[in-house]
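What follows is the content of entry-v8.cif, which has mmCIF, C-alpha atoms:
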```cif
data_start
#
loop_
_atom_site.label_atom_id
_atom_site.label_comp_id
_atom_site.auth_asym_id
_atom_site.auth_seq_id
_atom_site.Cartn_x
_atom_site.Cartn_y
_atom_site.Cartn_z
CA MET O 248 66.14 -43.65 18.77
CA LYS O 249 66.44 -40.73 21.10
CA GLY O 250 66.65 -38.38 18.08
CA LEU O 251 63.46 -39.87 16.58
CA ARG O 252 61.56 -39.32 19.86
CA THR O 253 62.78 -35.71 19.84
CA ILE O 254 61.53 -35.18 16.29
CA LEU O 255 58.13 -36.79 17.08
CA ALA O 256 57.75 -34.62 20.18
CA ALA O 257 58.56 -31.51 18.16
CA LEU O 258 55.99 -32.47 15.50
CA LEU O 259 53.34 -33.11 18.15
CA ALA O 260 54.01 -29.72 19.74
CA LEU O 261 53.79 -28.05 16.32
CA THR O 262 50.46 -29.78 15.66
CA LEU O 263 48.97 -28.60 18.94
CA VAL O 264 50.20 -25.04 18.56
CA SER O 265 49.01 -24.71 14.97
CA GLY O 266 45.50 -25.86 15.88
CA CYS O 267 45.58 -28.71 13.37
CA GLY O 268 44.63 -31.31 15.91
CA GLN O 269 41.16 -32.77 16.38
CA LYS O 270 38.48 -30.06 16.13
CA ALA O 271 36.02 -29.40 18.92
CA GLU O 272 32.37 -30.29 18.49
CA PRO O 273 30.52 -27.71 16.35
CA ILE O 274 28.52 -25.10 18.24
CA LYS O 275 24.85 -26.07 18.37
CA PRO O 276 22.16 -23.73 17.00
CA GLY O 277 21.18 -21.07 19.52
CA GLU O 278 24.34 -21.54 21.59
CA ALA O 279 26.89 -18.73 21.70
CA ALA O 280 30.55 -18.96 20.73
CA VAL O 281 32.93 -16.27 21.98
CA ILE O 282 35.39 -14.80 19.51
CA ALA O 283 38.35 -12.78 20.81
CA GLY O 284 40.04 -11.14 17.85
CA LYS O 285 42.65 -8.60 16.89
CA LEU O 286 43.00 -6.50 13.75
CA SER O 287 46.22 -5.58 12.00
CA ASP O 288 45.97 -2.00 13.34
CA GLY O 289 45.90 -3.27 16.93
CA THR O 290 42.14 -3.04 17.51
CA THR O 291 40.96 -5.79 19.84
CA TYR O 292 37.43 -7.02 20.36
CA GLU O 293 35.38 -9.79 21.90
CA ALA O 294 32.03 -10.85 20.47
CA SER O 295 29.45 -13.56 21.14
CA VAL O 296 28.03 -15.28 18.07
CA LYS O 297 25.16 -17.69 17.57
CA LEU O 298 23.10 -18.97 14.66
CA THR O 299 19.39 -18.29 15.18
CA GLY O 300 17.71 -19.37 11.96
CA TYR O 301 17.96 -20.91 8.52
CA LEU O 302 15.87 -20.64 5.34
CA ASN O 303 16.21 -23.27 2.62
CA SER O 304 15.63 -22.84 -1.11
CA ASP O 305 11.90 -23.66 -0.91
CA GLN O 306 11.37 -21.04 1.81
CA LEU O 307 13.33 -18.46 -0.16
CA GLN O 308 11.10 -19.13 -3.15
CA GLN O 309 8.08 -18.52 -0.92
CA LEU O 310 9.47 -15.06 -0.16
CA ARG O 311 9.81 -14.45 -3.89
CA ASN O 312 6.21 -15.60 -4.33
CA TYR O 313 5.21 -12.83 -1.91
CA ASP O 314 6.93 -10.38 -4.30
CA LEU O 315 9.80 -9.78 -1.86
CA TYR O 316 13.24 -9.25 -3.37
CA VAL O 317 15.63 -12.21 -3.07
CA GLU O 318 18.27 -12.71 -5.77
CA GLU O 319 17.68 -15.81 -7.88
CA ALA O 320 21.23 -17.03 -7.17
CA VAL O 321 20.53 -17.37 -3.44
CA VAL O 322 19.81 -20.97 -2.37
CA GLY O 323 19.88 -20.53 1.41
CA ALA O 324 20.14 -17.95 4.18
CA VAL O 325 21.57 -18.29 7.70
CA GLU O 326 20.53 -15.82 10.39
CA MET O 327 23.25 -14.90 12.85
CA GLU O 328 23.14 -12.87 16.07
CA VAL O 329 26.31 -11.04 17.14
CA THR O 330 26.81 -9.21 20.44
CA MET O 331 29.89 -7.03 20.86
CA ASN O 332 31.16 -7.60 24.39
CA GLN O 333 34.32 -5.48 24.17
CA LEU O 334 35.85 -3.18 21.59
CA GLU O 335 39.11 -1.24 21.94
CA GLY O 336 40.65 0.77 19.12
CA HIS O 337 37.56 1.73 17.08
CA GLU O 338 34.23 3.39 17.80
CA VAL O 339 32.47 0.75 15.71
CA LEU O 340 33.63 -2.43 14.01
CA ASP O 341 32.30 -3.79 10.71
CA LEU O 342 32.63 -7.51 11.28
CA THR O 343 31.73 -8.34 7.69
CA GLN O 344 35.11 -6.90 6.70
CA VAL O 345 37.16 -9.01 9.12
CA TRP O 346 35.25 -12.32 9.28
CA GLU O 347 34.74 -14.88 6.53
CA ALA O 348 31.99 -17.51 6.43
CA SER O 349 32.20 -20.86 4.70
CA PHE O 350 29.66 -23.67 4.39
CA GLN O 351 30.11 -27.41 4.16
CA THR O 352 27.93 -30.11 2.68
CA GLU O 353 30.56 -32.72 1.82
CA GLY O 354 34.21 -32.23 1.05
CA GLU O 355 35.93 -28.87 1.06
CA PRO O 356 34.24 -25.76 2.54
CA ILE O 357 32.74 -23.25 0.14
CA TYR O 358 33.46 -19.64 1.10
CA GLU O 359 30.77 -16.96 0.77
CA SER O 360 30.80 -13.20 0.54
CA TRP O 361 29.08 -11.25 3.29
CA THR O 362 27.95 -8.58 0.87
CA ILE O 363 24.20 -7.97 0.85
CA TYR O 364 23.05 -5.29 -1.52
CA PRO O 365 21.18 -2.29 -0.05
CA GLY O 366 17.45 -2.72 -0.43
CA ASN O 367 17.58 -6.52 -0.32
CA TRP O 368 14.91 -8.20 1.78
CA PHE O 369 17.74 -9.63 3.89
CA GLN O 370 19.77 -7.29 6.08
CA GLY O 371 23.38 -7.88 7.12
CA ILE O 372 25.11 -7.49 10.48
CA LYS O 373 25.47 -3.76 11.04
CA PRO O 374 28.75 -2.19 12.28
CA LEU O 375 28.74 -2.60 16.05
CA ALA O 376 30.03 -0.52 18.96
CA GLY O 377 30.84 -1.94 22.37
CA GLN O 378 27.91 -3.70 24.11
CA GLU O 379 25.77 -3.56 20.94
CA SER O 380 23.93 -6.46 19.35
CA SER O 381 22.63 -7.09 15.83
CA ARG O 382 21.00 -9.82 13.80
CA GLY O 383 21.73 -10.30 10.13
CA TRP O 384 21.90 -12.85 7.37
CA ILE O 385 24.59 -14.65 5.41
CA LEU O 386 23.30 -15.62 1.96
CA ILE O 387 24.34 -18.94 0.44
CA THR O 388 24.81 -19.04 -3.32
CA LYS O 389 27.29 -21.88 -3.87
CA ALA O 390 26.08 -24.73 -1.67
CA SER O 391 22.68 -26.27 -1.11
CA ASP O 392 21.44 -27.46 2.31
CA PRO O 393 24.73 -27.09 4.23
CA VAL O 394 25.21 -28.86 7.54
CA LEU O 395 28.05 -26.75 8.92
CA MET O 396 29.21 -23.14 8.86
CA GLU O 397 32.75 -22.09 9.70
CA LEU O 398 33.61 -18.56 10.76
CA ALA O 399 37.21 -17.56 10.03
CA TYR O 400 38.95 -14.69 11.88
CA LYS O 401 42.28 -13.67 13.40
CA ASP O 402 42.70 -14.20 17.12
CA LYS O 403 44.54 -11.90 19.54
CA LYS O 404 47.85 -13.41 18.46
CA GLU O 405 46.87 -12.58 14.86
CA ALA O 406 46.77 -16.29 14.04
CA GLN O 407 44.07 -17.53 11.65
CA LYS O 408 41.34 -19.40 13.53
CA GLU O 409 37.96 -20.91 12.77
CA ILE O 410 34.86 -21.69 14.79
CA GLN O 411 32.46 -24.28 13.46
CA PHE O 412 28.65 -24.06 13.85
CA GLN O 413 25.87 -26.52 13.15
CA ILE O 414 23.29 -25.11 10.71
CA PRO O 415 19.83 -24.83 12.37
CA GLN O 416 16.84 -26.70 11.05
CA PRO O 417 14.81 -24.64 8.53
CA ASN O 418 12.62 -22.00 10.17
CA ASP O 419 9.01 -22.88 10.90
CA SER O 420 7.96 -19.62 9.24
CA VAL O 421 9.63 -17.71 6.44
CA LEU O 422 8.36 -14.46 7.98
CA SER O 423 8.99 -14.50 11.69
CA GLU O 424 7.32 -11.45 13.23
CA ASP O 425 9.44 -8.71 14.79
CA ALA O 426 6.48 -7.23 16.67
CA GLU O 427 2.70 -6.85 16.74
CA LEU O 428 1.17 -4.68 14.03
CA LYS O 429 -0.78 -1.82 15.60
CA ILE O 430 -2.97 0.82 14.04
CA GLY O 431 -1.89 4.45 14.40
CA GLU O 432 1.37 3.75 16.27
CA PRO O 433 4.72 4.51 14.54
CA PHE O 434 7.18 1.62 14.36
CA LEU O 435 10.57 1.00 12.77
CA ALA O 436 11.49 -1.45 10.02
CA GLY O 437 15.23 -0.90 10.06
CA LYS O 438 15.56 2.87 9.69
CA ALA O 439 12.25 3.24 7.90
CA GLU O 440 9.49 4.66 10.11
CA LEU O 441 6.00 3.42 9.35
CA THR O 442 2.50 4.17 10.62
CA VAL O 443 -0.45 2.03 9.54
CA GLU O 444 -3.38 4.47 9.26
CA GLU O 445 -6.10 1.96 8.39
CA ILE O 446 -6.84 -1.66 7.46
CA LYS O 447 -10.17 -2.64 5.94
CA THR O 448 -11.95 -4.95 3.50
CA VAL O 449 -12.98 -3.14 0.31
CA ASN O 450 -13.26 -3.47 -3.46
CA SER O 451 -12.02 0.10 -4.08
CA VAL O 452 -8.91 1.92 -2.86
CA LEU O 453 -9.80 5.63 -2.73
CA MET O 454 -8.00 8.85 -1.83
CA TYR O 455 -9.56 11.15 0.74
CA ARG O 456 -8.61 14.52 -0.76
CA SER O 457 -9.51 13.84 -4.38
CA ASP O 458 -11.80 11.55 -6.37
CA SER O 459 -8.91 9.37 -7.51
CA GLY O 460 -8.99 5.65 -6.86
CA MET O 461 -8.51 2.11 -8.09
CA SER O 462 -11.32 -0.46 -8.17
CA LEU O 463 -11.47 -4.24 -8.40
CA GLU O 464 -13.88 -6.12 -10.63
CA ASP O 465 -17.50 -6.51 -9.55
CA GLY O 466 -17.77 -9.12 -6.83
CA GLU O 467 -14.08 -9.00 -5.92
CA GLN O 468 -12.81 -7.89 -2.52
CA GLY O 469 -9.49 -7.39 -0.84
CA ILE O 470 -7.73 -6.27 2.33
CA SER O 471 -6.55 -2.67 1.94
CA LEU O 472 -3.95 -0.84 4.00
CA ARG O 473 -3.02 2.88 4.16
CA LEU O 474 0.58 3.35 5.26
CA LYS O 475 2.71 6.40 6.05
CA VAL O 476 6.42 5.80 5.43
CA LYS O 477 9.48 7.92 6.21
CA ASN O 478 12.59 6.53 4.51
CA GLY O 479 15.45 6.89 6.98
CA GLU O 480 17.67 4.41 5.13
CA ASP O 481 20.57 5.37 2.86
CA TYR O 482 19.02 3.43 -0.05
CA ASP O 483 15.78 3.58 -2.02
CA LEU O 484 12.78 1.71 -0.62
CA HIS O 485 11.62 -0.35 -3.58
CA LEU O 486 8.17 -1.92 -3.95
CA LEU O 487 9.85 -5.35 -3.81
CA LEU O 488 10.59 -4.67 -0.13
CA PHE O 489 6.85 -4.58 0.71
CA SER O 490 4.25 -7.32 0.93
CA LEU O 491 0.92 -8.11 2.63
CA ILE O 492 0.26 -11.71 3.68
CA TYR O 493 -3.03 -13.10 4.99
CA HIS O 494 -3.14 -16.60 6.51
CA ASN O 495 -6.39 -18.02 7.83
CA GLY O 496 -5.19 -21.54 8.64
CA GLU O 497 -6.21 -22.98 5.29
CA ASP O 498 -5.16 -20.46 2.69
CA GLU O 499 -2.18 -18.12 2.52
CA ILE O 500 -2.26 -15.11 0.19
CA GLY O 501 0.70 -12.79 -0.24
CA GLY O 502 2.12 -10.03 -2.39
CA TYR O 503 -0.02 -7.14 -3.61
CA ASP O 504 -2.67 -6.73 -6.29
CA LEU O 505 -2.72 -2.94 -5.97
CA PHE O 506 0.30 -0.90 -4.84
CA ALA O 507 0.05 2.86 -5.23
CA GLU O 508 1.23 6.10 -3.70
CA GLU O 509 -0.90 9.14 -2.98
CA GLY O 510 0.15 12.00 -5.20
CA LYS O 511 -1.14 15.57 -5.28
CA THR O 512 -4.38 14.74 -7.05
CA GLU O 513 -4.39 11.01 -7.75
CA LEU O 514 -3.13 7.56 -6.85
CA GLY O 515 -0.01 6.83 -8.85
CA VAL O 516 2.14 3.84 -9.68
CA TYR O 517 4.71 3.23 -6.93
CA GLU O 518 8.20 1.97 -7.66
CA SER O 519 10.55 3.38 -5.02
CA PHE O 520 11.40 6.54 -3.15
CA ASP O 521 14.60 8.22 -2.09
CA PRO O 522 16.28 8.35 1.32
CA GLY O 523 14.97 11.18 3.48
CA THR O 524 11.55 11.36 1.79
CA GLU O 525 8.04 10.53 2.98
CA LYS O 526 5.10 8.94 1.20
CA ILE O 527 1.57 7.69 1.73
CA LEU O 528 1.29 4.18 0.27
CA ARG O 529 -1.81 2.10 -0.44
CA LEU O 530 -1.59 -1.70 -0.59
CA LEU O 531 -4.28 -4.28 -1.37
CA ILE O 532 -4.33 -8.06 -1.69
CA LYS O 533 -7.34 -9.77 -3.26
CA LEU O 534 -9.33 -12.42 -1.42
CA ASP O 535 -11.87 -15.00 -2.47
CA ALA O 536 -15.08 -13.02 -3.04
CA ASP O 537 -16.92 -15.23 -0.52
CA ALA O 538 -14.14 -15.22 2.07
CA ALA O 539 -15.41 -14.58 5.58
CA SER O 540 -12.76 -15.71 8.01
CA SER O 541 -10.36 -14.73 10.74
CA GLY O 542 -6.64 -15.14 10.35
CA ARG O 543 -3.23 -13.54 10.67
CA LEU O 544 -2.42 -10.46 8.61
CA LYS O 545 1.28 -9.67 8.15
CA LEU O 546 3.00 -6.59 6.77
CA ALA O 547 6.50 -7.36 5.50
CA VAL O 548 8.67 -4.34 4.76
CA ASN O 549 12.40 -3.66 4.45
CA GLY O 550 13.53 -6.98 5.91
CA HIS O 551 11.11 -6.93 8.86
CA CYS O 552 7.67 -8.40 9.51
CA PHE O 553 4.76 -7.33 11.73
CA GLY O 554 1.49 -9.19 12.28
CA MET O 555 -1.98 -8.94 13.80
CA ASP O 556 -5.20 -10.95 14.00
CA TYR O 557 -7.68 -9.76 11.38
CA THR O 558 -11.23 -10.78 10.45
CA VAL O 559 -12.35 -10.20 6.87
CA GLY O 560 -14.80 -7.29 6.89
CA ASP O 561 -13.21 -5.43 9.80
CA ASP O 562 -12.73 -1.67 9.36
CA LEU O 563 -9.81 -0.59 11.54
CA ASP O 564 -8.29 2.88 11.82
CA ALA O 565 -6.97 5.43 14.28
CA TYR O 566 -8.63 8.51 12.75
CA PRO O 567 -10.23 10.91 15.27
CA ALA O 568 -13.86 11.95 14.82
CA CYS O 569 -14.12 15.63 13.92
CA GLN O 570 -15.86 18.07 16.27
CA GLU O 571 -16.70 21.74 16.05
CA GLY O 572 -13.68 23.75 17.16
CA ASP O 573 -11.15 21.10 16.12
CA VAL O 574 -7.95 22.28 14.41
CA ILE O 575 -6.22 19.95 11.94
CA GLU O 576 -2.76 21.17 11.04
CA THR O 577 0.02 19.85 8.79
CA ALA O 578 3.27 21.44 7.63
CA GLN O 579 1.40 22.92 4.66
CA GLU O 580 -2.09 23.80 5.88
CA ARG O 581 -4.48 24.33 8.77
CA LEU O 582 -8.22 23.65 8.94
CA THR O 583 -10.36 25.00 11.78
CA ILE O 584 -13.78 23.31 11.93
CA GLU O 585 -16.47 25.90 12.71
CA LYS O 586 -19.75 24.08 12.12
CA ILE O 587 -21.09 20.57 11.42
CA SER O 588 -24.68 20.17 10.24
CA THR O 589 -27.12 17.97 8.30
CA VAL O 590 -29.41 20.02 6.06
CA ILE O 591 -31.67 19.79 3.03
CA ARG O 592 -30.36 23.06 1.59
CA LEU O 593 -27.06 24.95 1.87
CA ASP O 594 -27.11 28.69 1.16
CA PRO O 595 -24.16 30.95 0.22
CA PRO O 596 -23.03 33.85 2.47
CA HIS O 597 -25.30 36.37 0.70
CA THR O 598 -28.87 35.61 -0.35
CA ALA O 599 -30.03 39.07 -1.45
CA GLY O 600 -31.06 39.15 -5.10
CA ASP O 601 -30.01 36.25 -7.32
CA TYR O 602 -27.93 33.58 -5.61
CA THR O 603 -26.92 29.94 -6.02
CA TYR O 604 -27.62 27.33 -3.36
CA MET O 605 -27.12 23.58 -2.97
CA LYS O 606 -30.11 21.29 -2.41
CA ALA O 607 -30.28 17.58 -1.62
CA ASP O 608 -32.10 15.19 -3.94
CA PRO O 609 -35.43 13.74 -2.74
CA GLY O 610 -34.88 11.25 0.08
CA MET O 611 -31.35 12.56 0.67
CA GLN O 612 -29.69 15.08 2.99
CA LEU O 613 -26.50 17.13 2.89
CA TYR O 614 -23.86 16.45 5.52
CA VAL O 615 -21.85 19.67 5.78
CA VAL O 616 -18.60 20.53 7.58
CA GLU O 617 -17.78 24.25 7.44
CA GLY O 618 -14.44 25.72 8.38
CA LEU O 619 -11.54 28.08 7.77
CA PHE O 620 -8.72 26.78 5.59
CA GLU O 621 -5.23 28.40 5.72
CA ASN O 622 -2.16 27.94 3.53
CA LEU O 623 0.87 27.65 5.85
CA SER O 624 3.37 26.86 3.10
CA SER O 625 5.61 29.18 1.10
CA GLU O 626 3.96 28.17 -2.18
CA THR O 627 0.60 28.84 -3.79
CA ILE O 628 -1.75 25.88 -3.34
CA LYS O 629 -5.17 24.91 -4.67
CA ALA O 630 -7.67 24.39 -1.87
CA GLU O 631 -9.59 21.71 -3.79
CA GLU O 632 -6.38 19.65 -4.20
CA ARG O 633 -5.59 19.64 -0.48
CA LEU O 634 -9.10 18.84 0.82
CA GLY O 635 -11.68 16.11 0.25
CA ILE O 636 -14.58 14.14 1.74
CA LEU O 637 -16.17 10.74 1.03
CA TRP O 638 -18.33 8.05 2.63
CA GLN O 639 -17.20 4.44 2.18
CA GLU O 640 -18.11 1.03 3.57
CA ASN O 641 -16.95 -2.17 1.89
CA SER O 642 -18.00 -1.92 -1.78
CA GLU O 643 -20.24 1.13 -1.31
CA PHE O 644 -18.88 4.68 -1.51
CA VAL O 645 -20.05 8.25 -2.10
CA TYR O 646 -17.73 11.11 -3.05
CA GLY O 647 -18.54 14.63 -1.86
CA TRP O 648 -17.58 18.15 -2.91
CA ILE O 649 -15.29 20.89 -1.67
CA MET O 650 -17.21 24.14 -2.07
CA ILE O 651 -15.83 27.65 -1.45
CA PRO O 652 -18.66 29.93 -0.23
CA GLU O 653 -18.19 33.42 -1.66
CA GLY O 654 -20.73 36.20 -2.20
CA ASN O 655 -23.96 34.86 -3.60
CA GLY O 656 -22.65 31.44 -4.66
CA PHE O 657 -20.04 28.73 -4.32
CA LEU O 658 -16.70 28.21 -6.06
CA GLN O 659 -15.25 24.77 -6.74
CA HIS O 660 -11.70 26.00 -7.30
CA LYS O 661 -9.58 28.50 -5.41
CA ALA O 662 -5.83 29.19 -5.29
CA LEU O 663 -4.36 30.42 -2.03
CA GLU O 664 -1.18 32.47 -1.85
CA PRO O 665 1.26 31.76 1.01
CA GLN O 666 -0.43 32.58 4.34
CA GLY O 667 -3.76 33.03 2.51
CA GLN O 668 -7.03 31.71 3.90
CA THR O 669 -10.60 30.98 2.82
CA LYS O 670 -13.91 29.61 4.10
CA VAL O 671 -14.64 26.06 2.89
CA CYS O 672 -17.56 23.63 2.97
CA PHE O 673 -17.15 19.85 2.83
CA VAL O 674 -20.43 18.53 1.43
CA LEU O 675 -21.74 14.94 1.16
CA MET O 676 -25.19 13.91 -0.07
CA LEU O 677 -26.31 10.79 1.83
CA ASN O 678 -29.46 8.74 2.29
CA ASP O 679 -31.05 7.99 5.65
CA ASP O 680 -29.26 4.64 6.01
CA GLN O 681 -25.85 6.17 5.30
CA LEU O 682 -26.54 9.00 7.74
CA GLN O 683 -26.76 6.36 10.48
CA ARG O 684 -23.10 5.47 9.80
CA LEU O 685 -21.31 8.80 9.88
CA ASP O 686 -18.17 7.09 11.18
CA LYS O 687 -17.70 5.85 7.60
CA ILE O 688 -17.05 9.44 6.48
CA ARG O 689 -13.42 10.32 5.77
CA ILE O 690 -12.25 13.94 5.53
CA GLY O 691 -8.83 14.59 4.02
CA VAL O 692 -6.72 17.60 4.98
CA GLY O 693 -3.48 17.14 3.09
CA ASP O 694 -2.17 13.75 4.20
CA GLU O 695 -4.15 13.85 7.46
CA VAL O 696 -7.52 12.11 7.74
CA ILE O 697 -10.41 12.54 10.20
CA LYS O 698 -13.80 10.85 10.53
CA GLY O 699 -17.27 12.29 10.34
CA SER O 700 -19.33 12.72 13.48
CA PRO O 701 -22.98 13.50 14.27
CA SER O 702 -24.02 17.11 13.71
#
```

Have the structure of the file written as structure tokens, please.
Amino acid sequence: MKGLRTILAALLALTLVSGCGQKAEPIKPGEAAVIAGKLSDGTTYEASVKLTGYLNSDQLQQLRNYDLYVEEAVVGAVEMEVTMNQLEGHEVLDLTQVWEASFQTEGEPIYESWTIYPGNWFQGIKPLAGQESSRGWILITKASDPVLMELAYKDKKEAQKEIQFQIPQPNDSVLSEDAELKIGEPFLAGKAELTVEEIKTVNSVLMYRSDSGMSLEDGEQGISLRLKVKNGEDYDLHLLLFSLIYHNGEDEIGGYDLFAEEGKTELGVYESFDPGTEKILRLLIKLDADAASSGRLKLAVNGHCFGMDYTVGDDLDAYPACQEGDVIETAQERLTIEKISTVIRLDPPHTAGDYTYMKADPGMQLYVVEGLFENLSSETIKAEERLGILWQENSEFVYGWIMIPEGNGFLQHKALEPQGQTKVCFVLMLNDDQLQRLDKIRIGVGDEVIKGSPS
């Protein structure tokens, strides 16, 4: 009998040491669990972990409906926040290489890979240094609507351990906002830097330094956005990482009906662009032709979302109004504005003998911005491809001309060698009503844009 008690005591001790006894209650959503781990090379760390969100299969399909990239095999996504409290032995630690997640519905747990492909809408936990924090997603492909998640790791005694978490309820919104969307202020979506130049309601998306554009059908309208993007990621930014969503309380529209990039002379089809490059992108989503409402406009890009209140018909931008003496400079060019005027007739520099002039049609006037244009680049450029002017409001627009005043006439084309310069005239022919709305004028100098102003 004494020997049996000894054996039972030994078995009980073994059970307690091995951790096979009754498990603790799962960690509730939003509550932190502390993991103290050790790697085979001796690196030790301590991290706090909590689950902050969950998307089910219906919500993931909604993201796909917005044209955002989510693999078809994914049936759920759990958002996790990790804070590195201590780290000794490495500068940074990639937890996705040392932790393993599994999900339970009923029966045995189903283990999942942490791998999330670069350029996916979902971003993973980044490698962390001491005192750093990151949010990322674990994608579920083998279980539907799990109730528990287990995180497996090795503790400081290098024994295999698990912590169990309750899965949160599905998120209220599939696109929780990271921050407010603001016009003209750079912001980060991961390592991509973005600046929203303008948001307005139009039926045509037009470039400001050429007469290239894309138009909707008569009677259609949409919300258009001009966006500067610098790709600081180590992967391509694909069009499936971008979406516009407009929600007015009754209807929700998402995706894009027009998605283009500004090229040298025209709007072109956008697919993706490489790390380290910059682009000007133009997005538009179509609305009901009679829509006149206020709602929430969201820009989703690269796994992040930004929103603002927007009323259909609003014309929002951060472009400065041009004034005489202003200098607009980019890496490639410089424009110095010398004179702004409204005239019936524009003469060339020399009017002795025969000469060519520009004259407004009856009932119209010429809005003219004169200046000095300089090529700052190391390549030959065409002035008419780097400059442009137009007037636009909603469905109404008027393109102007870039004229090069020389001798007794005007040129419409001129090549400038590196460090070359020339006089230029931006010319628009407008009626009296349009002349009362000069703030609708857009002047393009390379990728920079300025507004018109009274003469």

- Item | Ref. answer, residues at most 9 Å from (-1.0, -13.5, -5.0) with only C-alpha atoms, as a PyMOL selection string | chain O and resi 312-314+492+499-504+532-533

- I need the residue set behind the PyMOL selection byres ((chain O and resi 356-360) around 9) for this file; please write it as a list in words. Thr343, Glu347, Ala348, Ser349, Phe350, Gln351, Thr352, Glu353, Gly354, Glu355, Trp361, Thr362, Ile363, Ile385, Leu386, Ile387, Thr388, Lys389, Ala390, Leu395, Met396 and Glu397 of chain O

- Task: Go ahead and compute the interatomic distance for atom CA of O:Asn478 and atom CA of O:Glu440, in Å to one decimal.
- Result: 6.7 Å

- Message: Take the PyMOL selection byres ((chain O and resi 630-639) around 8), run it mentally on this structure, and tell me the resulting residues as a PyMOL selection string.
- Response: chain O and resi 455-457+511-512+620+628-629+640-649+659-663+673-675+685+687-693

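Take the PyMOL selection byres ((chain O and resi 373) around 9) and apply it to this file: it picks O:Leu340, O:Asp341, O:Leu342, O:Thr343, O:Gln370, O:Gly371, O:Ile372, O:Pro374, O:Leu375, O:Ser380, O:Ser381, O:Arg382, O:Gly383.
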
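The shortest atom-to-atom distance to O:Gln407, with only C-alpha atoms taken into account, belongs to O:Gly284 out of O:Gly284, O:Glu319, O:Tyr292, O:Gly366.
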
- Task: Would you kindly return, as a ChimeraX atom specification, each protein, DNA or RNA residue with an atom no farther than 8 Å from any atom of stretch 651-657 of chain O, considering all atoms listed in the file and excluding same-chain residues fewer than 6 positions away?
- Result: /O:594-599,601-604,669-672

- Message: One decimal, in Å: what's the spacing between atom CA of O:Ala406 and atom CA of O:Met331?
- Response: 20.4 Å

- Item | Among the residues O:Met605, O:Cys552, O:Leu682, O:Ile587, the one that comes closest to O:Gly572 [using all atoms listed in the file] | O:Ile587

- Query: So which residues touch stretch 460-471 of chain O within 7 Å, counting all atoms listed in the file, skipping near sequence neighbours fewer than 6 positions away, as a list of chain:residue names?
  - Reply: O:Ile446, O:Lys447, O:Thr448, O:Val449, O:Asn450, O:Ser451, O:Val452, O:Leu453, O:Met454, O:Leu514, O:Leu530, O:Leu531, O:Ile532, O:Lys533, O:Leu534, O:Ala536

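With all atoms listed in the file as the atoms that count, the minimum distance from O:Cys569 to the choices O:Pro417, O:Pro393, O:Pro701, O:Gly510 is reached by O:Pro701.
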
- Could you check how far atom CA of O:Ala294 sits from atom CA of O:Lys438, in Å to one decimal? 24.0 Å

- Task: Identify which of the residues O:Gln570, O:Ser304, O:Gln579, O:Gln612 lies closest to O:Pro665, counting only C-alpha atoms when measuring atom-to-atom distances.
- Result: O:Gln579

Have stretch 323-333 of chain O completed to N, CA and C atoms, please, and pass it along as a short mmCIF file (atom, residue, chain, number, x, y, z; two decimals), in the coordinates of the input.
```cif
data_model
loop_
_atom_site.label_atom_id
_atom_site.label_comp_id
_atom_site.auth_asym_id
_atom_site.auth_seq_id
_atom_site.Cartn_x
_atom_site.Cartn_y
_atom_site.Cartn_z
N GLY O 323 20.06 -20.36 -0.03
CA GLY O 323 19.88 -20.53 1.41
C GLY O 323 20.27 -19.26 2.14
N ALA O 324 19.82 -19.14 3.38
CA ALA O 324 20.14 -17.95 4.18
C ALA O 324 20.23 -18.35 5.65
N VAL O 325 21.35 -18.00 6.28
CA VAL O 325 21.57 -18.29 7.70
C VAL O 325 21.49 -17.00 8.49
N GLU O 326 20.66 -16.99 9.52
CA GLU O 326 20.53 -15.82 10.39
C GLU O 326 21.50 -15.96 11.56
N MET O 327 22.23 -14.88 11.82
CA MET O 327 23.25 -14.90 12.85
C MET O 327 23.05 -13.71 13.79
N GLU O 328 23.23 -13.95 15.08
CA GLU O 328 23.14 -12.87 16.07
C GLU O 328 24.53 -12.64 16.66
N VAL O 329 24.98 -11.39 16.63
CA VAL O 329 26.31 -11.04 17.14
C VAL O 329 26.16 -9.98 18.22
N THR O 330 26.78 -10.20 19.36
CA THR O 330 26.81 -9.21 20.44
C THR O 330 28.25 -8.81 20.71
N MET O 331 28.53 -7.52 20.61
CA MET O 331 29.89 -7.03 20.86
C MET O 331 30.06 -6.85 22.36
N ASN O 332 30.92 -7.67 22.95
CA ASN O 332 31.16 -7.60 24.39
C ASN O 332 32.20 -6.53 24.76
N GLN O 333 33.26 -6.46 23.93
CA GLN O 333 34.32 -5.48 24.17
C GLN O 333 34.83 -4.99 22.83
#
```
